[in-house]
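Here's work_13.pdb, which has PDB, C-alpha atoms:
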ATOM      1  CA  MET A   1      59.465  64.353 116.893  1.00  0.00           C
ATOM      2  CA  HIS A   2      62.267  65.942 114.995  1.00  0.00           C
ATOM      3  CA  PRO A   3      64.421  68.515 116.778  1.00  0.00           C
ATOM      4  CA  PRO A   4      63.932  72.093 115.612  1.00  0.00           C
ATOM      5  CA  PRO A   5      66.290  73.110 112.816  1.00  0.00           C
ATOM      6  CA  ARG A   6      69.427  74.916 113.893  1.00  0.00           C
ATOM      7  CA  LEU A   7      69.686  78.442 112.636  1.00  0.00           C
ATOM      8  CA  ALA A   8      72.794  79.095 110.604  1.00  0.00           C
ATOM      9  CA  THR A   9      75.226  81.556 112.143  1.00  0.00           C
ATOM     10  CA  PRO A  10      75.589  84.551 109.834  1.00  0.00           C
ATOM     11  CA  PRO A  11      79.105  84.880 108.442  1.00  0.00           C
ATOM     12  CA  THR A  12      81.384  87.414 110.055  1.00  0.00           C
ATOM     13  CA  ARG A  13      81.937  90.546 108.017  1.00  0.00           C
ATOM     14  CA  ARG A  14      85.052  92.547 108.701  1.00  0.00           C
ATOM     15  CA  HIS A  15      87.528  94.969 107.185  1.00  0.00           C
ATOM     16  CA  VAL A  16      91.151  95.204 108.290  1.00  0.00           C
ATOM     17  CA  ILE A  17      93.871  97.754 107.546  1.00  0.00           C
ATOM     18  CA  VAL A  18      97.526  97.174 108.461  1.00  0.00           C
ATOM     19  CA  GLY A  19     100.464  99.343 107.448  1.00  0.00           C
ATOM     20  CA  THR A  20     102.853 102.092 108.403  1.00  0.00           C
ATOM     21  CA  ALA A  21     101.507 105.402 109.629  1.00  0.00           C
ATOM     22  CA  THR A  22     103.096 107.268 106.725  1.00  0.00           C
ATOM     23  CA  ALA A  23     101.577 104.979 104.097  1.00  0.00           C
ATOM     24  CA  LEU A  24      98.115 104.906 105.671  1.00  0.00           C
ATOM     25  CA  LEU A  25      97.919 108.680 106.028  1.00  0.00           C
ATOM     26  CA  ALA A  26      98.918 109.015 102.381  1.00  0.00           C
ATOM     27  CA  GLU A  27      96.152 106.576 101.405  1.00  0.00           C
ATOM     28  CA  ALA A  28      93.558 108.467 103.445  1.00  0.00           C
ATOM     29  CA  GLY A  29      94.433 111.741 101.766  1.00  0.00           C
ATOM     30  CA  VAL A  30      94.845 115.334 102.813  1.00  0.00           C
ATOM     31  CA  GLY A  31      92.244 116.483 105.313  1.00  0.00           C
ATOM     32  CA  ALA A  32      91.556 113.065 106.845  1.00  0.00           C
ATOM     33  CA  GLY A  33      92.516 114.497 110.219  1.00  0.00           C
ATOM     34  CA  ARG A  34      89.277 116.461 110.161  1.00  0.00           C
ATOM     35  CA  TRP A  35      87.386 113.183 110.559  1.00  0.00           C
ATOM     36  CA  LEU A  36      88.379 113.023 114.237  1.00  0.00           C
ATOM     37  CA  ASN A  37      86.006 114.264 116.932  1.00  0.00           C
ATOM     38  CA  PRO A  38      86.942 116.932 119.528  1.00  0.00           C
ATOM     39  CA  ALA A  39      88.049 114.405 122.154  1.00  0.00           C
ATOM     40  CA  GLU A  40      90.372 112.711 119.681  1.00  0.00           C
ATOM     41  CA  LEU A  41      91.731 116.017 118.426  1.00  0.00           C
ATOM     42  CA  GLU A  42      92.492 117.043 122.000  1.00  0.00           C
ATOM     43  CA  ARG A  43      94.474 113.852 122.578  1.00  0.00           C
ATOM     44  CA  LEU A  44      96.253 114.316 119.254  1.00  0.00           C
ATOM     45  CA  ALA A  45      97.222 117.879 120.182  1.00  0.00           C
ATOM     46  CA  ARG A  46      98.784 116.645 123.424  1.00  0.00           C
ATOM     47  CA  LEU A  47     101.059 114.395 121.384  1.00  0.00           C
ATOM     48  CA  GLY A  48     102.429 117.368 119.475  1.00  0.00           C
ATOM     49  CA  THR A  49     104.192 116.474 116.237  1.00  0.00           C
ATOM     50  CA  GLY A  50     106.292 113.483 115.316  1.00  0.00           C
ATOM     51  CA  ASP A  51     105.960 109.729 114.983  1.00  0.00           C
ATOM     52  CA  ALA A  52     103.637 109.224 117.963  1.00  0.00           C
ATOM     53  CA  ALA A  53     101.171 111.802 116.669  1.00  0.00           C
ATOM     54  CA  ASP A  54     101.305 110.374 113.144  1.00  0.00           C
ATOM     55  CA  ALA A  55     100.632 106.849 114.422  1.00  0.00           C
ATOM     56  CA  PHE A  56      97.717 108.024 116.585  1.00  0.00           C
ATOM     57  CA  LEU A  57      96.192 109.914 113.667  1.00  0.00           C
ATOM     58  CA  ALA A  58      96.711 107.031 111.242  1.00  0.00           C
ATOM     59  CA  ALA A  59      95.030 104.581 113.624  1.00  0.00           C
ATOM     60  CA  HIS A  60      91.969 106.760 114.210  1.00  0.00           C
ATOM     61  CA  VAL A  61      91.622 107.571 110.523  1.00  0.00           C
ATOM     62  CA  SER A  62      92.131 103.942 109.483  1.00  0.00           C
ATOM     63  CA  VAL A  63      89.471 102.570 111.820  1.00  0.00           C
ATOM     64  CA  ARG A  64      86.994 104.961 110.210  1.00  0.00           C
ATOM     65  CA  ARG A  65      88.024 103.679 106.795  1.00  0.00           C
ATOM     66  CA  CYS A  66      87.372 100.140 108.058  1.00  0.00           C
ATOM     67  CA  VAL A  67      83.889 101.046 109.289  1.00  0.00           C
ATOM     68  CA  ALA A  68      83.171 102.881 106.042  1.00  0.00           C
ATOM     69  CA  ALA A  69      84.143  99.828 103.996  1.00  0.00           C
ATOM     70  CA  LEU A  70      82.071  97.536 106.215  1.00  0.00           C
ATOM     71  CA  LEU A  71      78.917  99.667 106.196  1.00  0.00           C
ATOM     72  CA  GLY A  72      79.212 101.390 102.834  1.00  0.00           C
ATOM     73  CA  VAL A  73      79.208 104.911 104.272  1.00  0.00           C
ATOM     74  CA  PRO A  74      81.635 107.833 103.875  1.00  0.00           C
ATOM     75  CA  ALA A  75      84.560 107.637 106.288  1.00  0.00           C
ATOM     76  CA  HIS A  76      84.136 111.251 107.395  1.00  0.00           C
ATOM     77  CA  GLU A  77      80.632 110.410 108.673  1.00  0.00           C
ATOM     78  CA  VAL A  78      81.888 107.706 111.054  1.00  0.00           C
ATOM     79  CA  ASP A  79      82.098 108.801 114.692  1.00  0.00           C
ATOM     80  CA  ILE A  80      84.094 106.804 117.209  1.00  0.00           C
ATOM     81  CA  ALA A  81      83.607 107.283 120.945  1.00  0.00           C
ATOM     82  CA  GLN A  82      85.621 106.040 123.898  1.00  0.00           C
ATOM     83  CA  ARG A  83      84.576 106.199 127.524  1.00  0.00           C
ATOM     84  CA  CYS A  84      86.299 104.598 130.477  1.00  0.00           C
ATOM     85  CA  GLU A  85      83.814 102.851 132.772  1.00  0.00           C
ATOM     86  CA  ARG A  86      86.004 103.620 135.785  1.00  0.00           C
ATOM     87  CA  CYS A  87      86.876 107.290 135.355  1.00  0.00           C
ATOM     88  CA  THR A  88      84.437 108.325 132.545  1.00  0.00           C
ATOM     89  CA  ARG A  89      87.283 109.949 130.589  1.00  0.00           C
ATOM     90  CA  ALA A  90      87.509 109.639 126.793  1.00  0.00           C
ATOM     91  CA  HIS A  91      89.572 106.484 126.638  1.00  0.00           C
ATOM     92  CA  GLY A  92      88.808 102.789 126.942  1.00  0.00           C
ATOM     93  CA  LYS A  93      86.936 100.385 124.693  1.00  0.00           C
ATOM     94  CA  PRO A  94      85.901 102.162 121.468  1.00  0.00           C
ATOM     95  CA  ARG A  95      82.518 102.005 119.794  1.00  0.00           C
ATOM     96  CA  VAL A  96      80.841 103.314 116.664  1.00  0.00           C
ATOM     97  CA  THR A  97      78.253 105.759 117.972  1.00  0.00           C
ATOM     98  CA  SER A  98      75.732 105.064 115.206  1.00  0.00           C
ATOM     99  CA  HIS A  99      76.105 101.269 115.069  1.00  0.00           C
ATOM    100  CA  ASP A 100      76.275  99.311 118.317  1.00  0.00           C
ATOM    101  CA  ASP A 101      76.447  96.097 116.273  1.00  0.00           C
ATOM    102  CA  VAL A 102      79.861  96.991 114.823  1.00  0.00           C
ATOM    103  CA  SER A 103      82.989  96.172 116.815  1.00  0.00           C
ATOM    104  CA  VAL A 104      86.128  98.233 116.239  1.00  0.00           C
ATOM    105  CA  SER A 105      89.706  98.071 117.426  1.00  0.00           C
ATOM    106  CA  TRP A 106      93.037  99.631 116.576  1.00  0.00           C
ATOM    107  CA  SER A 107      96.654  99.504 117.624  1.00  0.00           C
ATOM    108  CA  HIS A 108      99.785 101.506 116.924  1.00  0.00           C
ATOM    109  CA  ALA A 109     103.373 100.947 117.985  1.00  0.00           C
ATOM    110  CA  GLY A 110     106.270 102.891 116.578  1.00  0.00           C
ATOM    111  CA  ALA A 111     105.669 103.330 112.857  1.00  0.00           C
ATOM    112  CA  PHE A 112     103.161 100.472 112.636  1.00  0.00           C
ATOM    113  CA  VAL A 113      99.365 100.729 112.682  1.00  0.00           C
ATOM    114  CA  ALA A 114      96.486  98.237 112.551  1.00  0.00           C
ATOM    115  CA  ALA A 115      92.726  98.809 112.580  1.00  0.00           C
ATOM    116  CA  VAL A 116      89.653  96.620 112.171  1.00  0.00           C
ATOM    117  CA  ALA A 117      85.860  96.844 112.029  1.00  0.00           C
ATOM    118  CA  SER A 118      83.773  93.689 112.341  1.00  0.00           C
ATOM    119  CA  SER A 119      80.235  92.403 112.755  1.00  0.00           C
ATOM    120  CA  THR A 120      81.449  90.305 115.712  1.00  0.00           C
ATOM    121  CA  PRO A 121      83.558  91.283 118.750  1.00  0.00           C
ATOM    122  CA  VAL A 122      87.122  91.802 117.588  1.00  0.00           C
ATOM    123  CA  ALA A 123      90.468  93.178 118.758  1.00  0.00           C
ATOM    124  CA  VAL A 124      93.813  93.817 117.109  1.00  0.00           C
ATOM    125  CA  ASP A 125      97.319  94.455 118.404  1.00  0.00           C
ATOM    126  CA  ILE A 126     100.540  95.246 116.545  1.00  0.00           C
ATOM    127  CA  GLU A 127     104.126  95.414 117.756  1.00  0.00           C
ATOM    128  CA  PRO A 128     107.475  96.173 116.080  1.00  0.00           C
ATOM    129  CA  PRO A 129     109.541  93.095 115.148  1.00  0.00           C
ATOM    130  CA  ALA A 130     112.247  93.953 117.662  1.00  0.00           C
ATOM    131  CA  ARG A 131     112.073  95.319 121.188  1.00  0.00           C
ATOM    132  CA  PRO A 132     114.805  97.271 122.992  1.00  0.00           C
ATOM    133  CA  HIS A 133     114.004  95.260 126.120  1.00  0.00           C
ATOM    134  CA  PRO A 134     112.496  91.784 126.655  1.00  0.00           C
ATOM    135  CA  VAL A 135     108.808  91.451 127.445  1.00  0.00           C
ATOM    136  CA  PRO A 136     108.571  91.370 131.282  1.00  0.00           C
ATOM    137  CA  ALA A 137     108.498  87.853 132.704  1.00  0.00           C
ATOM    138  CA  LEU A 138     105.335  88.741 134.653  1.00  0.00           C
ATOM    139  CA  ALA A 139     103.498  88.955 131.322  1.00  0.00           C
ATOM    140  CA  PHE A 140     103.689  85.179 131.001  1.00  0.00           C
ATOM    141  CA  HIS A 141     102.480  82.082 132.785  1.00  0.00           C
ATOM    142  CA  PRO A 142     105.376  79.798 133.853  1.00  0.00           C
ATOM    143  CA  ALA A 143     104.202  77.172 131.348  1.00  0.00           C
ATOM    144  CA  GLU A 144     104.369  79.766 128.581  1.00  0.00           C
ATOM    145  CA  LEU A 145     107.917  80.769 129.475  1.00  0.00           C
ATOM    146  CA  ALA A 146     108.999  77.157 129.044  1.00  0.00           C
ATOM    147  CA  ARG A 147     107.829  77.244 125.414  1.00  0.00           C
ATOM    148  CA  ILE A 148     108.549  80.837 124.489  1.00  0.00           C
ATOM    149  CA  GLY A 149     112.191  80.953 125.457  1.00  0.00           C
ATOM    150  CA  GLU A 150     113.701  84.331 124.585  1.00  0.00           C
ATOM    151  CA  ARG A 151     111.393  87.062 125.909  1.00  0.00           C
ATOM    152  CA  ALA A 152     112.520  89.502 123.216  1.00  0.00           C
ATOM    153  CA  GLY A 153     111.814  87.031 120.412  1.00  0.00           C
ATOM    154  CA  VAL A 154     108.923  86.686 117.993  1.00  0.00           C
ATOM    155  CA  LYS A 155     107.092  84.043 120.057  1.00  0.00           C
ATOM    156  CA  ALA A 156     107.094  86.266 123.128  1.00  0.00           C
ATOM    157  CA  ILE A 157     105.921  89.328 121.228  1.00  0.00           C
ATOM    158  CA  ASN A 158     103.188  87.308 119.523  1.00  0.00           C
ATOM    159  CA  ARG A 159     101.938  86.008 122.881  1.00  0.00           C
ATOM    160  CA  TRP A 160     101.977  89.544 124.270  1.00  0.00           C
ATOM    161  CA  CYS A 161      99.805  90.643 121.330  1.00  0.00           C
ATOM    162  CA  GLU A 162      97.352  87.823 122.007  1.00  0.00           C
ATOM    163  CA  LYS A 163      96.973  88.853 125.638  1.00  0.00           C
ATOM    164  CA  GLU A 164      96.613  92.511 124.700  1.00  0.00           C
ATOM    165  CA  CYS A 165      93.760  91.508 122.389  1.00  0.00           C
ATOM    166  CA  LEU A 166      92.007  89.711 125.242  1.00  0.00           C
ATOM    167  CA  VAL A 167      92.254  92.885 127.317  1.00  0.00           C
ATOM    168  CA  LYS A 168      90.717  94.884 124.479  1.00  0.00           C
ATOM    169  CA  LEU A 169      87.902  92.349 124.228  1.00  0.00           C
ATOM    170  CA  GLY A 170      87.224  92.886 127.924  1.00  0.00           C
ATOM    171  CA  LEU A 171      87.924  89.242 128.785  1.00  0.00           C
ATOM    172  CA  VAL A 172      90.991  89.678 131.004  1.00  0.00           C
ATOM    173  CA  ALA A 173      92.947  92.408 132.781  1.00  0.00           C
ATOM    174  CA  LEU A 174      96.650  93.211 132.655  1.00  0.00           C
ATOM    175  CA  ASP A 175      97.010  91.891 136.191  1.00  0.00           C
ATOM    176  CA  ASP A 176      95.845  88.472 134.950  1.00  0.00           C
ATOM    177  CA  PHE A 177      98.743  87.926 132.537  1.00  0.00           C
ATOM    178  CA  ALA A 178     101.002  85.942 134.875  1.00  0.00           C
ATOM    179  CA  GLN A 179      98.182  83.474 135.633  1.00  0.00           C
ATOM    180  CA  LEU A 180      96.950  83.266 132.029  1.00  0.00           C
ATOM    181  CA  ASP A 181      98.293  80.317 130.020  1.00  0.00           C
ATOM    182  CA  LEU A 182      97.518  80.652 126.309  1.00  0.00           C
ATOM    183  CA  ASN A 183      99.568  77.668 125.167  1.00  0.00           C
ATOM    184  CA  ASP A 184      96.287  75.989 124.232  1.00  0.00           C
ATOM    185  CA  GLY A 185      94.478  79.166 123.223  1.00  0.00           C
ATOM    186  CA  TYR A 186      91.577  80.867 124.989  1.00  0.00           C
ATOM    187  CA  PRO A 187      88.002  79.489 125.088  1.00  0.00           C
ATOM    188  CA  GLY A 188      85.715  81.133 122.560  1.00  0.00           C
ATOM    189  CA  VAL A 189      88.445  83.231 120.936  1.00  0.00           C
ATOM    190  CA  THR A 190      90.201  82.721 117.611  1.00  0.00           C
ATOM    191  CA  PHE A 191      93.642  84.271 117.115  1.00  0.00           C
ATOM    192  CA  GLU A 192      95.029  85.076 113.679  1.00  0.00           C
ATOM    193  CA  GLN A 193      98.406  86.395 112.638  1.00  0.00           C
ATOM    194  CA  LEU A 194      98.092  89.135 110.033  1.00  0.00           C
ATOM    195  CA  ALA A 195     100.684  90.087 107.453  1.00  0.00           C
ATOM    196  CA  ALA A 196     102.334  93.383 108.352  1.00  0.00           C
ATOM    197  CA  PRO A 197     105.078  95.486 106.769  1.00  0.00           C
ATOM    198  CA  GLY A 198     108.632  95.541 108.026  1.00  0.00           C
ATOM    199  CA  GLY A 199     108.282  92.265 109.883  1.00  0.00           C
ATOM    200  CA  ALA A 200     105.893  93.762 112.442  1.00  0.00           C
ATOM    201  CA  ILE A 201     103.888  91.267 114.481  1.00  0.00           C
ATOM    202  CA  CYS A 202     100.121  91.717 114.238  1.00  0.00           C
ATOM    203  CA  VAL A 203      97.466  89.576 115.925  1.00  0.00           C
ATOM    204  CA  LEU A 204      93.713  89.697 115.357  1.00  0.00           C
ATOM    205  CA  ALA A 205      91.393  88.112 117.927  1.00  0.00           C
ATOM    206  CA  THR A 206      87.749  87.308 117.241  1.00  0.00           C
ATOM    207  CA  SER A 207      85.353  86.369 120.011  1.00  0.00           C
ATOM    208  CA  ASN A 208      83.093  83.488 119.033  1.00  0.00           C
ATOM    209  CA  GLY A 209      80.885  83.865 122.072  1.00  0.00           C
ATOM    210  CA  PRO A 210      77.610  85.789 122.431  1.00  0.00           C
TER     211      PRO A 210
END

Would you encode the structure as C-alpha cells?
Amino acid sequence: MHPPPRLATPPTRRHVIVGTATALLAEAGVGAGRWLNPAELERLARLGTGDAADAFLAAHVSVRRCVAALLGVPAHEVDIAQRCERCTRAHGKPRVTSHDDVSVSWSHAGAFVAAVASSTPVAVDIEPPARPHPVPALAFHPAELARIGERAGVKAINRWCEKECLVKLGLVALDDFAQLDLNDGYPGVTFEQLAAPGGAICVLATSNGP
C-alpha cells in the first residue's frame, strides 16, 4: 500500500510595516487616530503628547494597515483587542476581534515602529541602534555572553529582540531569559532581521508549529 499523500502546507501570508513614527503617521493620513478603540484611546491619553504618544499611535495605526492589506478590508474597520490573562486588563497578547486566524504584533522604541499581520503566529520587536546602557547580563545565557561580547552592541540588541519576540509568541517568559540559549535558534521558530530606518534593529519571529 502506498502511504497517503501529504497535504501541502499553505504558504504564509503576511504584511509588515517598519518605519519612524513621524513617517508612518504621515502615510496613514489625518484622522487615523480615530481608528483606535476606547481602550487604546485611554492608554494614548495617559501618554499625553510627545514622542511616546506618537510611537504608540503609529504602532496601533500601522498594525491595522497591515491587517487591512492582508485581508483586503478598510483599515478603519479593523478592531484590535488586548486582554491580560492574569489581570484581565486591556494589555497583553493582541488579536483581531473579527479574525482569530490572523496573528498580529507590533513594537515601538523611541522614534521607531514595527507592525505585522500574518496568517501564522508571528511577533516583531524593534530597538534603536544604540542604547544608553548595556542590555542587562541577566538577559543572556552564559553561552550567549561568550559570543555576544559587548552588551550594548548590535549582537546583544538583536538577541534581546529575538527573546522579546518569543515572549510575544507566548513561548517563554522574561524570567526565562538567563536560562535561554538562542545561539542555535529556538525549535519551531524562524527569526528574520528586517530592514529598518536609522540603523534600528528589527527582528521578526514566525512560529512554524501548530

**Study point:** Selection near stretch 60-69 of chain A, 8 Å with only C-alpha atoms, sequence-local residues under 4 positions removed, as number ranges by chain
**Key:** A: 14-17, 24-25, 28, 32-33, 35-36, 56, 73-76, 78-80, 102, 104-106, 114-118

Exercise for review: List the neighbours of A:Ala178 out to 12 Å using all atoms listed in the file; skip same-chain residues closer than 2 positions along the sequence, and give me the result as a list in words.
Suggested key: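 With the cut-off at 12 Å, the set is Pro136, Ala137, Leu138, Ala139, Phe140, His141, Pro142, Ala143, Glu144, Leu145, Trp160, Lys163, Val172, Ala173, Leu174, Asp175, Asp176, Leu180, Asp181 and Leu182 of chain A.
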
Exercise for review: Identify all residues satisfying the PyMOL selection byres ((chain A and resi 94) around 10) in the given file; provide them as a VMD selection string.
Suggested key: chain A and resid 80 to 84 90 to 93 95 to 97 103 to 106 168

Check your understanding: So what does the PyMOL selection byres ((chain A and resi 195) around 12) actually pick up in this one, as a list in words?
Key -> Val16, Ile17, Val18, Gly19, Phe112, Val113, Ala114, Ile126, Glu192, Gln193, Leu194, Ala196, Pro197, Gly198, Gly199, Ala200, Ile201, Cys202, Val203 and Leu204 of chain A

Exercise for review: Write out as a ChimeraX atom specification each polymer residue whose atoms come within 7 Å of A:Leu169, counting all atoms listed in the file; drop sequence neighbours fewer than 3 positions from it.
Suggested key: /A:122-123,165-166

Exercise for review: For atom CA of A:Glu77 and atom CA of A:Glu164, quote the distance in Å rounded to one decimal.
Suggested key: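 Rounded to one decimal, the two atoms are 28.9 Å apart.
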
Practice item. Give me the residues within 12 Å of A:Pro132 as an NGL selection string, counting all atoms listed in the file and dropping any in the same chain fewer than 5 places off. Key: :A and (151-153)

Practice item. Would you mind telling me which residue in A:Val189, A:Ala111, A:Leu47, A:Ala52 lies nearest to A:Thr22 when using only C-alpha atoms? Key: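 Between A:Val189, A:Ala111, A:Leu47, A:Ala52, the residue approaching A:Thr22 most closely is A:Ala111.
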
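For the set A:Thr49, A:Thr190, A:Val135, A:Ala130, the residue with the smallest atom-to-atom gap to A:Phe177 is A:Val135, counting only C-alpha atoms.
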
Review point. So which one's closest to A:Asn208, A:Pro128, A:Thr120, A:Gly31, A:Val167? Using only C-alpha atoms, please.
Key: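 The closest residue to A:Asn208 is A:Thr120.
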
Exercise for review: Work out how far atom CA of A:Asn37 is from atom CA of A:Ser98, in Å to one decimal.
Suggested key: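 Atom-to-atom, atom CA of A:Ser98 to atom CA of A:Asn37, that is 13.9 Å.
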
Practice item. One decimal, Å: what's the distance from atom CA of A:Ile157 over to atom CA of A:Ser107, could you say? Key: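 Distance reported for this atom pair: 14.2 Å.
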
Check your understanding: With only C-alpha atoms as the atoms that count, which of A:Leu171, A:Val30, A:Cys161, A:Leu41 lies nearest to A:Pro121?
Key ->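 That would be A:Leu171, the residue with the smallest distance to A:Pro121.
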
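Each of A:Arg46, A:Pro134, A:Leu71, A:Asp125 was compared to A:Ala205 using all atoms listed in the file, and A:Asp125 turns out to be the nearest.
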
Review point. Which residue out of A:Gly170, A:Ala53, A:Glu150, A:Thr20 has the minimum interatomic distance to A:Glu127 when only C-alpha atoms are used?
Key: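 Nearest to A:Glu127: A:Thr20.
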